[in-house]
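Data first, discussion second: the structure below is written as structure tokens.
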Amino acid sequence: MKDFRFVPLPFRRYAEEDMLARARSFYEEVDRRRSVRHFSAEDVPDEVLDACIHAAGTAPSGAHRQPWTFAVVRDPDVKRKIRIAAEAEEKETYEHRLTDEWREALEPLGTDWRKPFLETAPALIVVFRQTYGVEEQRRKTNYYTQESVGIATGFLLAALHHAGLATLTHTPSPMGFLGEILDRPENERAYVLIPVGYPAEGCEVPDLVRKPLDEIRVVI
Ligand code: IYR
């Protein structure tokens, strides 16, 4: 394994007041992000999705293996296939696999097995986790893939929101059908499915309250 070449870090240092302003303005921006379940069919520019995926790919990863693939689905026939397969799994989940406690936890959100947004949203981004890498036809171990892909997905959601698009973090379960429909290689496992677009006219979201800082932070 070859060593990386080390180069000077292009770090930007800000004055404290600027740091605080930047930190607060970032908070205000991400605090406006909401999961959307009702999408307009209006198209979104490919270049914007590409730039956001580019940003997601800057996430840190175990041993810099970058163990992710972002599949952008635009084709209505493929979206339809995904909807049919997801709804079949979700129907089974909602009707038989969820525990009573879980069903109760979802009730306030009003979700059910029907997933029309999988066809309505103009784009679906399916994030795949590479359980191992393949280099020169040899299997290469990846490290901390769950953490790495989770962080990259967070970057992606933030980038799409920042660009002015709405998303849903959708986890049909189990997700094996996505690898099959999208013909992904054996080393890739679907991690999350993100419908992307504009909210439907009159879209409503639950009036959630986020935990205040005092409840999520301890100072030791
Ligand atoms: N995956 C299902 C169920 C679901 C589970 C949780 I936890 C949620 O926060 C929301 C939904 C679905 O997408 O409907």
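Residue numbers start at 1 in each chain; chains themselves are named A, B, ... in the order of the structure tokens; ligands are numbered from 1 in the order shown.
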Q: Please identify all polymer residues within 6 Å of A:Ala56, counting only C-alpha atoms, omitting same-chain residues fewer than 4 positions from it, and present them as JSON, numbers by chain.
A: {"A": [152, 155, 156]}
For the selection you just gave me, I'd like the residues written to a file as an mmCIF file, in the first residue's frame, keeping all heavy atoms.
data_model
loop_
_atom_site.group_PDB
_atom_site.id
_atom_site.type_symbol
_atom_site.label_atom_id
_atom_site.label_comp_id
_atom_site.auth_asym_id
_atom_site.auth_seq_id
_atom_site.Cartn_x
_atom_site.Cartn_y
_atom_site.Cartn_z
ATOM 1 N N ALA A 152 -21.924 10.480 5.038
ATOM 2 C CA ALA A 152 -22.088 10.958 3.653
ATOM 3 C C ALA A 152 -23.564 11.251 3.364
ATOM 4 O O ALA A 152 -23.894 12.230 2.678
ATOM 5 C CB ALA A 152 -21.535 9.931 2.664
ATOM 6 N N PHE A 155 -24.387 14.554 4.864
ATOM 7 C CA PHE A 155 -23.889 15.631 3.991
ATOM 8 C C PHE A 155 -24.844 15.817 2.814
ATOM 9 O O PHE A 155 -25.164 16.940 2.420
ATOM 10 C CB PHE A 155 -22.496 15.278 3.433
ATOM 11 C CG PHE A 155 -21.330 15.591 4.337
ATOM 12 C CD1 PHE A 155 -21.426 15.557 5.722
ATOM 13 C CD2 PHE A 155 -20.086 15.911 3.778
ATOM 14 C CE1 PHE A 155 -20.323 15.836 6.524
ATOM 15 C CE2 PHE A 155 -18.988 16.204 4.575
ATOM 16 C CZ PHE A 155 -19.100 16.160 5.955
ATOM 17 N N LEU A 156 -25.300 14.707 2.241
ATOM 18 C CA LEU A 156 -26.178 14.776 1.061
ATOM 19 C C LEU A 156 -27.499 15.465 1.412
ATOM 20 O O LEU A 156 -27.961 16.352 0.670
ATOM 21 C CB LEU A 156 -26.435 13.367 0.521
ATOM 22 C CG LEU A 156 -27.355 13.269 -0.694
ATOM 23 C CD1 LEU A 156 -26.784 14.046 -1.890
ATOM 24 C CD2 LEU A 156 -27.579 11.803 -1.086
#
Q: Please report, as a VMD selection string, each residue of stretch 43-128 of chain A to which DSSP assigns strand (DSSP E or B) when run on this structure's backbone.
A: chain A and resid 62 68 to 73 123 to 128
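Using only C-alpha atoms and all ligand atoms, we find that the residues with an atom at most 7 Å from any atom of ligand 1 are Glu90, Leu106, Thr111, Asp112, Trp113, His170, Thr171, Pro172 and Ser173 of chain A.
The space separating atom CA of A:Val48 from atom CA of A:Ile194 comes to 14.8 Å.
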Q) Can you list every residue in stretch 44-128 of chain A that DSSP puts in alpha helix (DSSP H), as number ranges by chain? A) A: 46-56, 76-92, 100-106, 117-120
With 9 Å as the cut-off and only C-alpha atoms counted, what is the closest atom pair between each nearby residue of stretch 43-132 of chain A and stretch 14-38 of chain A? Distances in Å to one decimal, ordered by chain and number, as CSV.
residue,atom,partner,partner_atom,distance
A:Thr111,CA,A:Arg37,CA,8.9
A:Lys115,CA,A:Arg37,CA,8.6
A:Pro116,CA,A:His38,CA,8.4
A:Phe117,CA,A:His38,CA,6.3
A:Thr120,CA,A:His38,CA,8.3
A:Ala121,CA,A:His38,CA,8.3
Q | Residue with smallest distance to A:Gly164 - pool A:Pro199, A:Lys2, A:Leu213, A:Leu193, counting only C-alpha atoms | A | A:Pro199
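We find atom CA of A:Ala123 and atom CA of A:Gln146 to be spaced 23.9 Å apart.
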Rows by chain and residue number, stretch 9-105 of chain A within 12 Å of stretch 132-141 of chain A, shortest pair, only C-alpha atoms, as JSON lines:
{"residue": "A:Gly62", "atom": "CA", "partner": "A:Thr141", "partner_atom": "CA", "distance": 10.4}
{"residue": "A:Ala63", "atom": "CA", "partner": "A:Thr141", "partner_atom": "CA", "distance": 9.9}
{"residue": "A:His64", "atom": "CA", "partner": "A:Gly133", "partner_atom": "CA", "distance": 11.5}
{"residue": "A:Arg65", "atom": "CA", "partner": "A:Gly133", "partner_atom": "CA", "distance": 7.8}
{"residue": "A:Gln66", "atom": "CA", "partner": "A:Gly133", "partner_atom": "CA", "distance": 9.3}
{"residue": "A:Pro67", "atom": "CA", "partner": "A:Gly133", "partner_atom": "CA", "distance": 7.2}
{"residue": "A:Trp68", "atom": "CA", "partner": "A:Gly133", "partner_atom": "CA", "distance": 9.9}
{"residue": "A:Thr69", "atom": "CA", "partner": "A:Gly133", "partner_atom": "CA", "distance": 11.4}
Q: For A:Val149, list every protein, DNA or RNA residue within 8 Å, evaluated using only C-alpha atoms, and leave out those in the same chain fewer than 4 positions away; present the list as a PyMOL selection string.
A: chain A and resi 61+67-68+129+145+153+191
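Counting from atom CA of A:Val205, the distance to atom CA of A:Arg103 is 19.0 Å.
You can rank A:Phe4, A:Phe39, A:Tyr198, A:Phe11 by their closest distance to A:His161 using only C-alpha atoms, and at the top of that list sits A:Tyr198.
With only C-alpha atoms as the basis for measurement, A:Lys79 is the residue among A:Lys79, A:His96, A:Leu208, A:Ser40 that approaches A:Leu178 most closely.
The residue that comes closest to A:Leu124, out of A:Val196, A:Ile53, A:Val78, A:Leu165 and on the basis of only C-alpha atoms, is A:Val196.
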